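Structure first, commentary second.
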Amino acid sequence: RTRQGRGREKAVGGLCVKTGRMDELFELRNYFYMGNFGAALTEGKTIAVDSDALRIERDAILARIAVAQGDFDAVEASVAEDAPAGLQAIKLLAAYSKDKAGQGEIARLTVDEWLKDPVAGSNPTLLYVAASILADAQEWDEALRCAHRGQSLEHMALKVQLLIKIDRVDAAAKEVAAMKRIDEDHTLTQLASAWASLASGTKNGAQEALYTYQELVERHGGTEMLLNGVAACHVRLNQFADAERVLLEALAKNAANPETLVNMIAVAQHRQKPPELVERYRAQLSAVAPQHAALLAYNDAAAKLDALVADPPLAA
């Protein structure tokens with residue numbers, strides 16, 4: 001089953017649905033949404049924009065790419081104290097991402113102050129960053145409120161992710177339906193649809209998500225993010241050999257991608273790979289993302305098991 005041709009007119013023309021005018025940042029945004037950071041950086045550094053608003057948005061996307069790549073110091077150094085609100089928000093996100101334990105309270109207080117300001121609190125980038133920081137702190141209600149205030153498709157896609165994380169797949173599906181009514185062919189709508197379908201927990205949902213991811217790969221190339229999506233679908237369908245094949249392709253692109261390593265650990269265990277291989281992947285994950293939630297959960301479980309072995313409970 002294929003759905004070839006979906007979204008190609010927009011991908012070629014970059015026409016804004018709301019205004020009917022050309023969207024000068026369409027390609028940059030699309031590369032960013034797909035996780036194709038190399039192409040996004042090239043596009044962002046070469047594209048000519050004709051307004052201050054577009055220049056600020058371009059710079060914000062480039063800064064978000066740097067954060068996504070873990071280049072936190074570069075973002076903090078490049079954003080001036082008098083920079084626009086959106087860039088200030090990304091600078092805060094960089095500082096928080098670099099040191100969550102040390103910057104968590106500061107980030108939360110800063111977000112609170114920004115959200116009280118009627119001007120700053122309406123900035124789309126700031127709202128997205130605020131929702132992301134609040135979600136990372138598991139303050140789900142506040143994060144969802146921030147995302148809702150943003151109103152754009154990107155904020156709606158973030159709401160889908162948040163709703164899935166709190167097991168409200170039903171609400172996530174309704175949000176996807178709302179996105180489809182705005183622009184069914186938009187890249188973010190397609191991604192959000194795949195997330196919600198996969199999260200449904202059904203074989204049909206996983207298969208539908210797989211079709212969507214495979215079509216996106218055909219149109220845009222196999223980025224690490226898309227390949228991990230394909231692999232997740234294969235796992236849900238108990239197709240572990242296919243999942244491993246796709247993840248090896250993702251590893252070849254970037255051996256330090258934390259999500260790829262997490263998924264490789266899970267698939268290697270399902271395929272009963274040698275323990276040394278699993279531990280090698282886990283060591284790689286620990287080196288590149290020592291605070292990753294999956295690694296912290298594993299370390300916590302291992303510590304509890306060691307404690308039980310060292311001091312087993314008395315038999316009843």
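Simple scheme: letters A, B, ... for chains in structure tokens order, numbers from 1 for residues in each chain, numbers from 1 for ligands in the order shown.
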- Message: as a ChimeraX atom specification, please: the residues near Glu175 of chain A (cut-off 9 Å, only C-alpha atoms, same-chain neighbours under 6 positions excluded).
- Response: /A:156-157,159-160,192
Please identify all polymer residues within 9 Å of Tyr31 of chain A, counting only C-alpha atoms, omitting same-chain residues fewer than 5 positions from it, and present them as a CSV table (one decimal) with C-alpha atoms, in the first residue's frame.
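Final output, around28.csv:
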```csv
chain,number,residue,atom,x,y,z
A,26,PHE,CA,9.3,26.1,4.0
A,36,ASN,CA,17.7,16.3,8.4
A,37,PHE,CA,19.9,18.8,10.2
A,38,GLY,CA,22.7,18.9,7.7
A,39,ALA,CA,20.4,20.0,4.9
A,40,ALA,CA,18.6,22.4,7.3
A,41,LEU,CA,21.8,24.1,8.2
A,43,GLU,CA,19.4,25.9,3.7
A,220,HIS,CA,12.6,12.9,2.0
```
- Task: Using only C-alpha atoms, find the one residue out of A:Glu224, A:Asp141, A:His270, A:Lys91 that sits nearest to Ala241 of chain A.
- Result: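 Nearest to Ala241 of chain A: A:His270.
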- Task: Assign secondary structure with DSSP using the backbone only, and return the residues of segment 113-190 of chain A in alpha helix (DSSP H) as a ChimeraX atom specification.
- Result: /A:113-116,124-136,140-150,153-165,169-183,187-190
Just the selected residues (C-alpha atoms), exported as a PDB file, in the first residue's frame, please.
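This is the output file part.pdb:
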```pdb
ATOM      1  CA  GLU A 113       7.789  35.125  34.276  1.00  0.00           C
ATOM      2  CA  TRP A 114       7.733  35.005  30.491  1.00  0.00           C
ATOM      3  CA  LEU A 115       4.282  33.458  30.395  1.00  0.00           C
ATOM      4  CA  LYS A 116       2.904  36.272  32.558  1.00  0.00           C
ATOM      5  CA  PRO A 124       5.326  30.987  19.258  1.00  0.00           C
ATOM      6  CA  THR A 125       8.926  29.862  19.798  1.00  0.00           C
ATOM      7  CA  LEU A 126       8.843  30.820  23.464  1.00  0.00           C
ATOM      8  CA  LEU A 127       5.597  28.917  23.965  1.00  0.00           C
ATOM      9  CA  TYR A 128       7.060  25.842  22.296  1.00  0.00           C
ATOM     10  CA  VAL A 129      10.199  25.976  24.440  1.00  0.00           C
ATOM     11  CA  ALA A 130       8.171  26.600  27.603  1.00  0.00           C
ATOM     12  CA  ALA A 131       5.937  23.617  26.873  1.00  0.00           C
ATOM     13  CA  SER A 132       9.001  21.445  26.216  1.00  0.00           C
ATOM     14  CA  ILE A 133      10.697  22.421  29.498  1.00  0.00           C
ATOM     15  CA  LEU A 134       7.476  21.959  31.480  1.00  0.00           C
ATOM     16  CA  ALA A 135       6.902  18.564  29.879  1.00  0.00           C
ATOM     17  CA  ASP A 136      10.444  17.486  30.723  1.00  0.00           C
ATOM     18  CA  TRP A 140       1.837  17.992  31.919  1.00  0.00           C
ATOM     19  CA  ASP A 141      -1.137  20.290  32.456  1.00  0.00           C
ATOM     20  CA  GLU A 142       0.981  23.430  32.227  1.00  0.00           C
ATOM     21  CA  ALA A 143       2.871  22.063  29.235  1.00  0.00           C
ATOM     22  CA  LEU A 144      -0.376  21.340  27.398  1.00  0.00           C
ATOM     23  CA  ARG A 145      -1.694  24.827  28.183  1.00  0.00           C
ATOM     24  CA  CYS A 146       1.444  26.376  26.685  1.00  0.00           C
ATOM     25  CA  ALA A 147       1.219  24.237  23.573  1.00  0.00           C
ATOM     26  CA  HIS A 148      -2.470  25.106  23.215  1.00  0.00           C
ATOM     27  CA  ARG A 149      -1.686  28.824  23.373  1.00  0.00           C
ATOM     28  CA  GLY A 150       0.684  28.430  20.416  1.00  0.00           C
ATOM     29  CA  LEU A 153       0.542  23.042  13.558  1.00  0.00           C
ATOM     30  CA  GLU A 154       3.889  22.700  15.315  1.00  0.00           C
ATOM     31  CA  HIS A 155       2.260  23.384  18.665  1.00  0.00           C
ATOM     32  CA  MET A 156      -0.543  20.971  17.818  1.00  0.00           C
ATOM     33  CA  ALA A 157       2.047  18.298  16.976  1.00  0.00           C
ATOM     34  CA  LEU A 158       3.698  18.933  20.331  1.00  0.00           C
ATOM     35  CA  LYS A 159       0.304  18.461  22.012  1.00  0.00           C
ATOM     36  CA  VAL A 160      -0.002  15.094  20.279  1.00  0.00           C
ATOM     37  CA  GLN A 161       3.368  14.044  21.710  1.00  0.00           C
ATOM     38  CA  LEU A 162       2.445  15.222  25.198  1.00  0.00           C
ATOM     39  CA  LEU A 163      -0.944  13.496  25.142  1.00  0.00           C
ATOM     40  CA  ILE A 164       0.690  10.233  24.071  1.00  0.00           C
ATOM     41  CA  LYS A 165       3.171  10.505  26.937  1.00  0.00           C
ATOM     42  CA  VAL A 169      -4.075   8.432  22.945  1.00  0.00           C
ATOM     43  CA  ASP A 170      -7.764   9.170  22.389  1.00  0.00           C
ATOM     44  CA  ALA A 171      -7.170  12.899  22.832  1.00  0.00           C
ATOM     45  CA  ALA A 172      -4.035  12.693  20.685  1.00  0.00           C
ATOM     46  CA  ALA A 173      -6.082  11.154  17.859  1.00  0.00           C
ATOM     47  CA  LYS A 174      -8.587  14.027  18.094  1.00  0.00           C
ATOM     48  CA  GLU A 175      -5.729  16.532  17.867  1.00  0.00           C
ATOM     49  CA  VAL A 176      -4.429  14.762  14.768  1.00  0.00           C
ATOM     50  CA  ALA A 177      -7.909  14.981  13.245  1.00  0.00           C
ATOM     51  CA  ALA A 178      -7.886  18.732  13.912  1.00  0.00           C
ATOM     52  CA  MET A 179      -4.468  19.013  12.223  1.00  0.00           C
ATOM     53  CA  LYS A 180      -5.786  17.151   9.191  1.00  0.00           C
ATOM     54  CA  ARG A 181      -8.650  19.616   8.882  1.00  0.00           C
ATOM     55  CA  ILE A 182      -6.082  22.426   8.679  1.00  0.00           C
ATOM     56  CA  ASP A 183      -3.581  20.732   6.341  1.00  0.00           C
ATOM     57  CA  THR A 187       4.788  17.073   7.194  1.00  0.00           C
ATOM     58  CA  LEU A 188       3.897  17.635  10.846  1.00  0.00           C
ATOM     59  CA  THR A 189       0.395  16.286  10.293  1.00  0.00           C
ATOM     60  CA  GLN A 190       1.863  13.165   8.726  1.00  0.00           C
TER      61      GLN A 190
END
```
- Non-local contacts of Ala243 of chain A (9 Å; only C-alpha atoms; under 4 positions in same chain excluded) as number ranges by chain: A: 228, 230-235, 238-239, 247-248, 263-264, 267
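Of the residues under consideration (A:Ala256, A:Val67, A:Val111, A:Ala301), A:Ala256 shows the shortest atom-to-atom contact distance to Tyr281 of chain A when counting only C-alpha atoms.
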